[in-house]
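Engineer: Pasting a structure here, questions to come.
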Amino acid sequence: MADQPRYYITTPIYYVNDDPHIGHAYTTLACDALARFKRLDGFDVHFLTGTDEHGQKVEKAAADAGVDPQSFTDQVSQRFRDLAERMKFSNDDFIRTTEPRHIEAAQAIWRRLIEREEIYLGAYAGWYAIRDEAFYGESELIKGPKGEKLAPSGAPVEWVEEPSYFFRLSAWQDKLLAFYESNPDFIAPQSRRNEVVSFVKGGLQDLSVSRVSFTWGVPAPGDAGHVLYVWLDALTNYITAVGFPDTDSASYRKFWPADLHMVGKDILRFHAVYWPAFLMAADLEPPKRVFAHGWWTNEGQKISKSLGNVIKPGDLIDTYGLDQTRYFLLREVPFGNDGDFSRRSMITRMDSELANDYGNLAQRVLSMIAKNLGGVTPTPGAFTAEDEALLGAAAALPAKLRPLMDAQTFHEALEQIWVVIRASNGYVDRQAPWALRKTDPDRMATVLYVLAETIRRLAIMTTPFMPDASGAILDLVAAPADARNFAAIADAPLAAGAALPAPKGVFPRYQGPDPEDDA
RNA sequence: GGCGGGGUAGCUCAGUGGUAGAGCAGGGGAAUCAUAAUCCCUUGGUCGGGGGUUCAAAUCCCUCCCCCGCUACCA
């Protein structure tokens, strides 16, 4: 097993100033499905998520709440852990930027950049709005009634200069472009890659990477007045978690560079431009790929706190079920695109695809086995061409899904599984085992075996997306606990004669109120 | 403005030179093992408009119209 392939996948670290919402759940869910898929496919996976806990906003929110920043972040960070638990996320680690291991790593990358003269001391100047506690670019300003400059929020601005360290981003433009050129899959989807390349081609300015205006951050080594600013601190978490600054450690050598940073489209630039530049400047390897996914709308409407239409993952789980929610989010939208959450669509997929197509397939087959074959895995006779075709279609799924998962086309991966589910229902109808019961019981046993075996294979394939329900189906066909991975699809067919538990539905139909009734 | 993505059946989308596809929705039929679930057949498109290249274009070229994204230091 020395050559076991490895896979390192990360979510962004979430800013603790926010309550967990569907966007957080979506990003981590995509990573979870991919991480689980890779584990079932024999990879040694490291799946990282966590929270970003520094910055002026956190400092202020803590002050407003009357607690120290550390206690504040302890509380809020916990909400993200709770979300991960409710969503059954399988992350191997949960990193917090306030942990000593991270502060050490962030300071180490800072030192490397200073040593290589990639960071220098200068002054940050700009239009600052005290009320907003934010700097604005010249182009963002609006004109007040007297022609004075105002922030977009209407707050007065003043020209402020403060000392700041800068990263020589401008020096990395050509190297970044060369990197994109030689790594065409580094940024996905393709349209996002175009945007990034276009942005970099437009010219890069040096980047302010320290602040003196607040203290809740990682202290800059060698200059106590400065804390590391924003992204240099946050992005470094990805190497902290695999052992940086010890680049000789087993975990760093094993897992870095990361295979995939999953991000929302709003933070692509930081991951696709700044991060590889920081790393190359520090003489470290850049990650292999960054995927920027889209946003959800709610019943066609943009989601915002002011509209009050924020979608809470917990509400979806309560209303539709965990696996149903996981399935919908990954099936409804071509991954990478924006998508719309509508109750109508959620219920349609939950009922017709999960309950009717998949759940009922298992139920109808297992019921026949229970009633006609004593609840024991049937003993098959010789397989017909049609038997082989169905079994073969299910056996081919791992190979079919690998490239789709590597391209993060989760919706298409699920569609390919459903092609086999629909084929299975067609097979049931054509073989009509209920008729064979009287005319050819041996053939009926063979048909039901083929179906049970196909269901076993399907349930292994759906495990990354719907771990609970898939596990329940595998229980129903008595698949051994140690034979629930992709290798077992070919290697561990159902053993004839095994006693099966009583069939039980795993995907209930939607029982709640009709969404057309209110709203 | 510049750069980029997109405009294909009622809906969501696949399809990059060779007789228009899938799922859902609609219509008809079959079956009755099953969570009244399933299966089969079927209606439906001038592939945004116009022009061009080609034996042949949704697919290549030109042009026009419409939608969306990016155009930096809030995370």
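Order determines the names: the first chain of the structure tokens is A, the second B, and so forth; residues in each chain are numbered 1 upward, and ligands are numbered 1 upward as they are shown.
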May I ask you to extract the residues of chain A within 9 Å of chain B, using only C-alpha atoms (C1' of nucleotides), and to give them as a PyMOL selection string?
Structural biologist: chain A and resi 15+17+55+57+134-135+191-192+194-196+198-199+202+204-209+230-231+269+332-334+348+352+355-357+359-365+367-368+425-430+432-434+505-509
Engineer: Could you write out that same residue set with N, CA and C atoms as a short mmCIF file (atom, residue, chain, number, x, y, z; two decimals), in the first residue's frame?
Structural biologist:
data_model
loop_
_atom_site.label_atom_id
_atom_site.label_comp_id
_atom_site.auth_asym_id
_atom_site.auth_seq_id
_atom_site.Cartn_x
_atom_site.Cartn_y
_atom_site.Cartn_z
N TYR A 15 -15.63 32.66 7.36
CA TYR A 15 -15.46 33.82 8.23
C TYR A 15 -16.49 33.78 9.34
N ASN A 17 -17.82 35.78 11.17
CA ASN A 17 -18.77 36.86 11.37
C ASN A 17 -20.15 36.49 10.82
N GLY A 55 -9.34 39.50 12.16
CA GLY A 55 -9.79 40.66 11.39
C GLY A 55 -10.56 41.67 12.21
N LYS A 57 -13.45 43.05 11.68
CA LYS A 57 -14.88 42.82 11.91
C LYS A 57 -15.12 41.91 13.11
N ALA A 134 -13.68 51.10 6.41
CA ALA A 134 -13.21 50.46 5.19
C ALA A 134 -12.58 51.48 4.25
N PHE A 135 -11.63 50.96 3.47
CA PHE A 135 -11.03 51.77 2.42
C PHE A 135 -11.82 51.59 1.13
N SER A 191 -14.82 29.30 -17.91
CA SER A 191 -15.15 30.72 -18.03
C SER A 191 -14.52 31.52 -16.88
N ARG A 192 -14.41 30.89 -15.73
CA ARG A 192 -13.76 31.57 -14.60
C ARG A 192 -12.27 31.71 -14.86
N ASN A 194 -10.91 32.10 -17.71
CA ASN A 194 -10.76 33.23 -18.62
C ASN A 194 -10.76 34.55 -17.88
N GLU A 195 -11.65 34.66 -16.92
CA GLU A 195 -11.75 35.90 -16.16
C GLU A 195 -10.46 36.18 -15.40
N VAL A 196 -9.93 35.14 -14.79
CA VAL A 196 -8.71 35.32 -14.00
C VAL A 196 -7.54 35.69 -14.90
N SER A 198 -7.62 37.10 -17.74
CA SER A 198 -7.85 38.46 -18.21
C SER A 198 -7.49 39.49 -17.13
N PHE A 199 -7.84 39.16 -15.92
CA PHE A 199 -7.52 40.05 -14.80
C PHE A 199 -6.01 40.21 -14.64
N GLY A 202 -4.31 42.23 -17.20
CA GLY A 202 -4.58 43.65 -17.06
C GLY A 202 -3.58 44.35 -16.16
N LEU A 204 -0.93 43.83 -12.45
CA LEU A 204 -1.11 43.58 -11.02
C LEU A 204 -0.36 44.62 -10.21
N GLN A 205 -1.01 45.09 -9.18
CA GLN A 205 -0.34 46.01 -8.25
C GLN A 205 0.12 45.24 -7.04
N ASP A 206 1.09 45.80 -6.36
CA ASP A 206 1.53 45.18 -5.12
C ASP A 206 0.38 45.18 -4.13
N LEU A 207 0.44 44.21 -3.24
CA LEU A 207 -0.70 43.96 -2.39
C LEU A 207 -0.37 44.25 -0.93
N SER A 208 -1.20 45.04 -0.30
CA SER A 208 -1.02 45.34 1.12
C SER A 208 -1.28 44.08 1.93
N VAL A 209 -0.30 43.69 2.73
CA VAL A 209 -0.46 42.44 3.48
C VAL A 209 -0.27 42.60 4.99
N VAL A 230 -5.70 39.87 6.31
CA VAL A 230 -6.65 39.11 5.51
C VAL A 230 -6.12 37.82 4.91
N TRP A 231 -5.84 37.90 3.64
CA TRP A 231 -5.68 36.66 2.88
C TRP A 231 -4.37 35.96 3.12
N ARG A 269 -10.44 34.90 -7.02
CA ARG A 269 -9.21 35.64 -7.29
C ARG A 269 -8.16 35.40 -6.21
N GLU A 332 -29.39 19.18 -8.85
CA GLU A 332 -30.26 20.16 -9.49
C GLU A 332 -29.51 21.04 -10.49
N VAL A 333 -28.27 21.38 -10.19
CA VAL A 333 -27.58 22.39 -10.96
C VAL A 333 -26.28 21.85 -11.55
N PRO A 334 -26.02 22.14 -12.83
CA PRO A 334 -24.70 21.82 -13.37
C PRO A 334 -23.65 22.50 -12.50
N THR A 348 -40.15 17.52 -6.21
CA THR A 348 -40.23 16.68 -7.40
C THR A 348 -39.06 15.70 -7.45
N SER A 352 -39.79 11.81 -7.18
CA SER A 352 -39.73 10.99 -8.38
C SER A 352 -38.37 10.30 -8.53
N ALA A 355 -37.59 8.62 -4.12
CA ALA A 355 -38.59 7.67 -3.63
C ALA A 355 -39.04 6.72 -4.75
N ASN A 356 -39.43 7.27 -5.89
CA ASN A 356 -40.01 6.43 -6.94
C ASN A 356 -38.97 5.60 -7.70
N ASP A 357 -37.96 6.26 -8.21
CA ASP A 357 -36.99 5.55 -9.04
C ASP A 357 -36.09 4.63 -8.21
N GLY A 359 -35.66 4.41 -4.41
CA GLY A 359 -36.17 3.76 -3.21
C GLY A 359 -37.15 2.64 -3.54
N ASN A 360 -38.04 2.93 -4.49
CA ASN A 360 -39.04 1.92 -4.83
C ASN A 360 -38.43 0.74 -5.57
N LEU A 361 -37.34 0.97 -6.29
CA LEU A 361 -36.63 -0.14 -6.93
C LEU A 361 -36.18 -1.13 -5.86
N ALA A 362 -35.54 -0.59 -4.85
CA ALA A 362 -35.06 -1.46 -3.77
C ALA A 362 -36.23 -2.14 -3.08
N GLN A 363 -37.27 -1.38 -2.82
CA GLN A 363 -38.41 -1.91 -2.07
C GLN A 363 -39.14 -3.02 -2.81
N ARG A 364 -39.36 -2.81 -4.12
CA ARG A 364 -40.12 -3.82 -4.89
C ARG A 364 -39.31 -5.11 -5.00
N VAL A 365 -38.01 -4.99 -5.19
CA VAL A 365 -37.16 -6.17 -5.34
C VAL A 365 -37.03 -6.92 -4.01
N SER A 367 -38.94 -6.77 -1.45
CA SER A 367 -40.22 -7.34 -1.00
C SER A 367 -40.47 -8.69 -1.66
N MET A 368 -40.15 -8.78 -2.95
CA MET A 368 -40.36 -10.05 -3.64
C MET A 368 -39.45 -11.14 -3.07
N ASN A 425 -35.28 -0.59 -13.33
CA ASN A 425 -36.74 -0.65 -13.29
C ASN A 425 -37.31 -1.22 -14.58
N GLY A 426 -36.67 -0.88 -15.69
CA GLY A 426 -37.10 -1.45 -16.97
C GLY A 426 -36.89 -2.95 -16.99
N TYR A 427 -35.79 -3.38 -16.45
CA TYR A 427 -35.46 -4.81 -16.37
C TYR A 427 -36.50 -5.54 -15.52
N VAL A 428 -36.88 -4.95 -14.41
CA VAL A 428 -37.90 -5.59 -13.56
C VAL A 428 -39.18 -5.81 -14.36
N ASP A 429 -39.59 -4.77 -15.08
CA ASP A 429 -40.85 -4.89 -15.82
C ASP A 429 -40.77 -5.93 -16.94
N ARG A 430 -39.65 -5.94 -17.63
CA ARG A 430 -39.52 -6.90 -18.74
C ARG A 430 -39.41 -8.33 -18.23
N ALA A 432 -40.50 -9.41 -15.31
CA ALA A 432 -41.74 -9.73 -14.58
C ALA A 432 -41.59 -10.91 -13.64
N PRO A 433 -40.76 -10.77 -12.63
CA PRO A 433 -40.53 -11.89 -11.71
C PRO A 433 -41.82 -12.37 -11.04
N TRP A 434 -42.82 -11.52 -10.90
CA TRP A 434 -44.08 -11.94 -10.29
C TRP A 434 -44.78 -12.99 -11.15
N GLY A 505 -38.54 0.92 3.52
CA GLY A 505 -38.29 2.03 2.62
C GLY A 505 -37.21 2.96 3.16
N VAL A 506 -36.34 3.42 2.27
CA VAL A 506 -35.28 4.31 2.73
C VAL A 506 -35.47 5.74 2.24
N PHE A 507 -36.30 5.94 1.23
CA PHE A 507 -36.55 7.29 0.73
C PHE A 507 -38.05 7.60 0.78
N PRO A 508 -38.51 8.13 1.90
CA PRO A 508 -39.94 8.45 2.00
C PRO A 508 -40.34 9.55 1.01
N ARG A 509 -41.58 9.52 0.59
CA ARG A 509 -42.10 10.61 -0.23
C ARG A 509 -42.32 11.82 0.67
#
Engineer: Write out as a PyMOL selection string all residues of segment 161-259 of chain A that backbone DSSP assigns to strand (DSSP E).
Structural biologist: chain A and resi 161-167+187-188+207-208+210-211+227-228
Engineer: Using only all heavy atoms, please write the residues we just selected to a file, as a compact mmCIF listing (two decimals), in the first residue's frame.
Structural biologist:
# COMPACT_ATOMS: atom_id res chain seq x y z
N GLU A 161 -3.19 57.72 5.18
CA GLU A 161 -2.01 56.92 4.87
C GLU A 161 -1.55 56.25 6.15
O GLU A 161 -1.52 56.87 7.21
CB GLU A 161 -0.88 57.81 4.33
CG GLU A 161 -1.20 58.41 2.99
CD GLU A 161 0.02 59.05 2.33
OE1 GLU A 161 1.16 58.73 2.76
OE2 GLU A 161 -0.18 59.86 1.42
N GLU A 162 -1.21 54.96 6.04
CA GLU A 162 -0.67 54.28 7.20
C GLU A 162 0.39 53.31 6.73
O GLU A 162 0.36 52.83 5.60
CB GLU A 162 -1.77 53.56 7.97
CG GLU A 162 -2.50 52.50 7.19
CD GLU A 162 -3.58 51.80 8.01
OE1 GLU A 162 -4.32 52.50 8.71
OE2 GLU A 162 -3.68 50.57 7.94
N PRO A 163 1.35 53.02 7.61
CA PRO A 163 2.40 52.10 7.20
C PRO A 163 1.83 50.72 6.94
O PRO A 163 0.89 50.29 7.62
CB PRO A 163 3.36 52.08 8.41
CG PRO A 163 2.56 52.60 9.56
CD PRO A 163 1.52 53.51 8.98
N SER A 164 2.36 50.06 5.95
CA SER A 164 1.87 48.73 5.61
C SER A 164 2.97 47.99 4.87
O SER A 164 3.75 48.59 4.13
CB SER A 164 0.64 48.84 4.72
OG SER A 164 0.27 47.57 4.23
N TYR A 165 3.00 46.71 5.10
CA TYR A 165 3.90 45.88 4.30
C TYR A 165 3.18 45.49 3.01
O TYR A 165 1.97 45.30 3.01
CB TYR A 165 4.32 44.63 5.07
CG TYR A 165 5.33 44.92 6.16
CD1 TYR A 165 4.92 45.27 7.44
CD2 TYR A 165 6.70 44.86 5.88
CE1 TYR A 165 5.86 45.54 8.43
CE2 TYR A 165 7.65 45.13 6.86
CZ TYR A 165 7.22 45.47 8.13
OH TYR A 165 8.13 45.76 9.11
N PHE A 166 3.98 45.42 1.95
CA PHE A 166 3.42 45.06 0.66
C PHE A 166 4.08 43.81 0.09
O PHE A 166 5.29 43.63 0.25
CB PHE A 166 3.60 46.21 -0.35
CG PHE A 166 2.62 47.31 -0.15
CD1 PHE A 166 2.86 48.31 0.81
CD2 PHE A 166 1.45 47.37 -0.88
CE1 PHE A 166 1.95 49.32 1.01
CE2 PHE A 166 0.54 48.38 -0.68
CZ PHE A 166 0.78 49.37 0.26
N PHE A 167 3.29 43.02 -0.56
CA PHE A 167 3.79 41.85 -1.28
C PHE A 167 3.99 42.26 -2.74
O PHE A 167 3.11 42.90 -3.34
CB PHE A 167 2.78 40.70 -1.18
CG PHE A 167 3.11 39.55 -2.09
CD1 PHE A 167 4.22 38.75 -1.84
CD2 PHE A 167 2.33 39.27 -3.20
CE1 PHE A 167 4.53 37.69 -2.68
CE2 PHE A 167 2.64 38.22 -4.04
CZ PHE A 167 3.75 37.42 -3.78
N ILE A 187 -7.63 26.34 -13.06
CA ILE A 187 -8.84 27.07 -12.68
C ILE A 187 -10.03 26.51 -13.44
O ILE A 187 -9.99 26.38 -14.65
CB ILE A 187 -8.71 28.57 -12.99
CG1 ILE A 187 -7.50 29.18 -12.27
CG2 ILE A 187 -9.99 29.31 -12.59
CD1 ILE A 187 -7.12 30.55 -12.80
N ALA A 188 -11.08 26.21 -12.71
CA ALA A 188 -12.30 25.73 -13.32
C ALA A 188 -13.48 26.43 -12.67
O ALA A 188 -13.38 26.85 -11.52
CB ALA A 188 -12.43 24.21 -13.13
N LEU A 207 0.44 44.21 -3.24
CA LEU A 207 -0.70 43.96 -2.39
C LEU A 207 -0.37 44.25 -0.93
O LEU A 207 0.64 43.77 -0.41
CB LEU A 207 -1.07 42.48 -2.54
CG LEU A 207 -2.37 41.99 -1.96
CD1 LEU A 207 -3.55 42.55 -2.74
CD2 LEU A 207 -2.39 40.46 -2.01
N SER A 208 -1.20 45.04 -0.30
CA SER A 208 -1.02 45.34 1.12
C SER A 208 -1.28 44.08 1.93
O SER A 208 -2.33 43.46 1.82
CB SER A 208 -2.00 46.44 1.52
OG SER A 208 -2.03 46.56 2.92
N SER A 210 -0.35 43.83 5.46
CA SER A 210 -0.34 44.00 6.92
C SER A 210 -1.21 45.20 7.27
O SER A 210 -1.53 46.03 6.42
CB SER A 210 1.08 44.22 7.45
OG SER A 210 1.51 45.54 7.21
N ARG A 211 -1.58 45.27 8.53
CA ARG A 211 -2.41 46.38 9.01
C ARG A 211 -1.93 46.81 10.39
O ARG A 211 -1.45 45.97 11.17
CB ARG A 211 -3.88 45.94 9.10
CG ARG A 211 -4.63 46.06 7.79
CD ARG A 211 -4.87 47.51 7.44
NE ARG A 211 -5.77 47.66 6.31
CZ ARG A 211 -5.38 47.72 5.04
NH1 ARG A 211 -4.10 47.61 4.74
NH2 ARG A 211 -6.25 47.89 4.07
N VAL A 227 -0.23 43.47 12.11
CA VAL A 227 -0.76 42.11 12.05
C VAL A 227 -0.92 41.74 10.57
O VAL A 227 -1.14 42.60 9.72
CB VAL A 227 -2.13 41.96 12.77
CG1 VAL A 227 -1.96 42.19 14.26
CG2 VAL A 227 -3.17 42.89 12.17
N LEU A 228 -0.82 40.46 10.28
CA LEU A 228 -0.98 40.00 8.90
C LEU A 228 -2.40 40.30 8.45
O LEU A 228 -3.35 40.09 9.20
CB LEU A 228 -0.73 38.49 8.76
CG LEU A 228 0.56 37.89 9.28
CD1 LEU A 228 0.87 36.62 8.48
CD2 LEU A 228 1.71 38.84 9.22
Engineer: Env of Phe465 of chain A: 7 Å cut, atoms = only C-alpha atoms (C1' of nucleotides), seq-sep filter 3 positions within chain, self excluded. Answer as a list in words.
Structural biologist: Ala33, Arg326, Tyr327 and Thr462 of chain A
Engineer: List every residue of segment 66-290 of chain A that DSSP, applied to the backbone of this structure, assigns to alpha helix (DSSP H), and report them as a PyMOL selection string.
Structural biologist: chain A and resi 69-86+100-115+173-182+190-201+230-235+237-240+250-255+268-269+275-281
Engineer: Which of these, A:Leu268, A:Ala125, A:Leu279, A:Ile114, has the shortest distance to Trp256 of chain A once you count only C-alpha atoms?
Structural biologist: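 The answer is A:Leu279, which sits nearest to Trp256 of chain A.
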Engineer: Separation of atom CA of Leu404 of chain A and atom CA of Phe186 of chain A, in Å?
Structural biologist: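 We find that atom CA of Leu404 of chain A and atom CA of Phe186 of chain A lie 16.2 Å from each other.
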Engineer: Set the distance at 12 Å and use only C-alpha atoms (C1' of nucleotides): which residues neighbour Ala277 of chain A once local chain neighbours fewer than 2 positions away are removed? I'd like the list as a PyMOL selection string.
Structural biologist: chain A and resi 113+118+167-180+200+204+206-207+232+235+269-275+279-287
Engineer: Do a neighbour search on C41 of chain B at 12 Å with only C-alpha atoms (C1' of nucleotides), toss out local chain neighbours closer than 3 positions, and write the hits as a list of chain:residue names.
Structural biologist: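 Residues near the query, excluding close chain neighbours: B:G27, B:G28, B:G29, B:A30.
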Engineer: To one decimal place, how far is atom CA of Met466 of chain A from atom CA of Gln324 of chain A in Å?
Structural biologist: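 Interatomic distance, atom CA of Met466 of chain A to atom CA of Gln324 of chain A: 7.8 Å.
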Engineer: Residues at most 10 Å from Ser77 of chain A, counting only C-alpha atoms (C1' of nucleotides), excluding those fewer than 5 positions away in the same chain, as a list in words?
Structural biologist: Tyr14, Tyr15, Val16, Asn17, Asp18, Asp19, Pro20, Gly50, Thr51, Asp52, Glu53, Ser71, Phe72, Asp82, Phe94, Ile95 and Arg96 of chain A
Engineer: Can I get the selected residues back with all heavy atoms, as a compact mmCIF listing (two decimals), in the first residue's frame?
Structural biologist:
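New file result.txt:
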# COMPACT_ATOMS: atom_id res chain seq x y z
N TYR A 14 -14.26 29.47 6.72
CA TYR A 14 -15.41 30.37 6.73
C TYR A 14 -15.24 31.48 7.76
O TYR A 14 -14.77 31.23 8.88
CB TYR A 14 -16.69 29.57 6.99
CG TYR A 14 -16.89 28.49 5.95
CD1 TYR A 14 -16.89 27.14 6.27
CD2 TYR A 14 -17.03 28.84 4.60
CE1 TYR A 14 -17.05 26.16 5.30
CE2 TYR A 14 -17.18 27.87 3.62
CZ TYR A 14 -17.19 26.53 3.98
OH TYR A 14 -17.33 25.58 3.02
N TYR A 15 -15.63 32.66 7.36
CA TYR A 15 -15.46 33.82 8.23
C TYR A 15 -16.49 33.78 9.34
O TYR A 15 -17.70 33.68 9.07
CB TYR A 15 -15.60 35.11 7.41
CG TYR A 15 -14.94 36.30 8.07
CD1 TYR A 15 -13.60 36.26 8.42
CD2 TYR A 15 -15.66 37.46 8.33
CE1 TYR A 15 -12.99 37.34 9.02
CE2 TYR A 15 -15.06 38.56 8.92
CZ TYR A 15 -13.72 38.49 9.27
OH TYR A 15 -13.11 39.57 9.86
N VAL A 16 -16.02 33.86 10.57
CA VAL A 16 -16.92 33.61 11.70
C VAL A 16 -17.91 34.74 11.96
O VAL A 16 -18.73 34.63 12.86
CB VAL A 16 -16.15 33.33 13.00
CG1 VAL A 16 -15.44 32.00 12.91
CG2 VAL A 16 -15.16 34.45 13.29
N ASN A 17 -17.82 35.78 11.17
CA ASN A 17 -18.77 36.86 11.37
C ASN A 17 -20.15 36.49 10.82
O ASN A 17 -21.12 37.20 11.01
CB ASN A 17 -18.27 38.13 10.68
CG ASN A 17 -18.73 39.37 11.40
OD1 ASN A 17 -18.90 39.36 12.61
ND2 ASN A 17 -18.94 40.42 10.66
N ASP A 18 -20.23 35.35 10.14
CA ASP A 18 -21.44 34.91 9.45
C ASP A 18 -22.08 33.74 10.18
O ASP A 18 -21.41 32.96 10.82
CB ASP A 18 -21.03 34.40 8.07
CG ASP A 18 -21.69 35.18 6.96
OD1 ASP A 18 -22.60 35.97 7.26
OD2 ASP A 18 -21.28 34.99 5.81
N ASP A 19 -23.39 33.61 10.02
CA ASP A 19 -24.06 32.40 10.44
C ASP A 19 -23.97 31.41 9.29
O ASP A 19 -24.10 31.80 8.13
CB ASP A 19 -25.53 32.68 10.73
CG ASP A 19 -25.78 32.77 12.22
OD1 ASP A 19 -24.92 32.31 12.98
OD2 ASP A 19 -26.83 33.31 12.60
N PRO A 20 -23.79 30.14 9.58
CA PRO A 20 -23.73 29.17 8.48
C PRO A 20 -25.02 29.18 7.67
O PRO A 20 -26.12 29.16 8.23
CB PRO A 20 -23.58 27.83 9.21
CG PRO A 20 -23.01 28.17 10.54
CD PRO A 20 -23.58 29.52 10.88
N GLY A 50 -12.72 24.58 7.96
CA GLY A 50 -12.39 25.30 9.17
C GLY A 50 -12.95 26.72 9.17
O GLY A 50 -13.83 27.05 8.37
N THR A 51 -12.41 27.52 10.08
CA THR A 51 -12.92 28.89 10.20
C THR A 51 -11.79 29.92 10.22
O THR A 51 -10.72 29.68 10.75
CB THR A 51 -13.77 29.06 11.48
OG1 THR A 51 -13.12 28.41 12.57
CG2 THR A 51 -15.15 28.48 11.28
N ASP A 52 -12.10 31.05 9.63
CA ASP A 52 -11.22 32.20 9.53
C ASP A 52 -11.64 33.16 10.63
O ASP A 52 -12.78 33.64 10.63
CB ASP A 52 -11.42 32.83 8.14
CG ASP A 52 -10.57 34.06 7.93
OD1 ASP A 52 -9.65 34.31 8.72
OD2 ASP A 52 -10.83 34.78 6.94
N GLU A 53 -10.78 33.41 11.59
CA GLU A 53 -11.25 34.04 12.82
C GLU A 53 -10.61 35.38 13.15
O GLU A 53 -10.87 35.95 14.21
CB GLU A 53 -11.04 33.05 13.98
CG GLU A 53 -11.65 31.68 13.66
CD GLU A 53 -11.65 30.74 14.84
OE1 GLU A 53 -11.18 31.12 15.93
OE2 GLU A 53 -12.15 29.61 14.67
N SER A 71 -13.01 34.24 22.97
CA SER A 71 -14.26 33.58 23.40
C SER A 71 -15.32 33.70 22.31
O SER A 71 -16.09 32.77 22.07
CB SER A 71 -14.82 34.20 24.68
OG SER A 71 -13.81 34.58 25.54
N PHE A 72 -15.31 34.88 21.71
CA PHE A 72 -16.30 35.10 20.64
C PHE A 72 -16.11 34.09 19.51
O PHE A 72 -17.07 33.44 19.07
CB PHE A 72 -16.15 36.53 20.10
CG PHE A 72 -17.08 36.86 18.97
CD1 PHE A 72 -18.41 37.16 19.22
CD2 PHE A 72 -16.63 36.84 17.66
CE1 PHE A 72 -19.28 37.47 18.17
CE2 PHE A 72 -17.49 37.14 16.61
CZ PHE A 72 -18.81 37.46 16.87
N ASP A 82 -20.96 22.40 14.14
CA ASP A 82 -22.30 21.80 14.27
C ASP A 82 -22.90 21.53 12.90
O ASP A 82 -23.54 20.50 12.68
CB ASP A 82 -23.22 22.75 15.06
CG ASP A 82 -22.77 22.91 16.51
OD1 ASP A 82 -21.96 22.07 16.98
OD2 ASP A 82 -23.21 23.88 17.16
N PHE A 94 -10.45 20.14 11.19
CA PHE A 94 -11.18 21.41 11.22
C PHE A 94 -10.19 22.43 11.76
O PHE A 94 -9.84 22.39 12.94
CB PHE A 94 -12.42 21.31 12.11
CG PHE A 94 -13.30 22.52 12.05
CD1 PHE A 94 -14.48 22.52 11.32
CD2 PHE A 94 -12.97 23.69 12.75
CE1 PHE A 94 -15.30 23.64 11.26
CE2 PHE A 94 -13.78 24.82 12.69
CZ PHE A 94 -14.95 24.79 11.95
N ILE A 95 -9.75 23.32 10.89
CA ILE A 95 -8.69 24.24 11.30
C ILE A 95 -9.29 25.58 11.70
O ILE A 95 -10.31 26.02 11.13
CB ILE A 95 -7.64 24.43 10.19
CG1 ILE A 95 -6.41 25.14 10.74
CG2 ILE A 95 -8.23 25.19 9.00
CD1 ILE A 95 -5.23 25.12 9.78
N ARG A 96 -8.67 26.21 12.69
CA ARG A 96 -9.06 27.56 13.10
C ARG A 96 -7.81 28.42 13.01
O ARG A 96 -6.76 28.01 13.48
CB ARG A 96 -9.60 27.54 14.53
CG ARG A 96 -10.79 26.61 14.70
CD ARG A 96 -11.26 26.60 16.14
NE ARG A 96 -11.56 27.96 16.60
CZ ARG A 96 -11.84 28.28 17.86
NH1 ARG A 96 -11.82 27.35 18.79
NH2 ARG A 96 -12.10 29.54 18.19
Engineer: Considering only C-alpha atoms (C1' of nucleotides), return as a list in words whatever protein or nucleic-acid residues lie within 12 Å of U8 of chain B, sequence-local ones (same chain, fewer than 3 positions apart) excluded.
Structural biologist: C13, A14, G15, A20, G21, G45, C47, G48, A58 and U59 of chain B
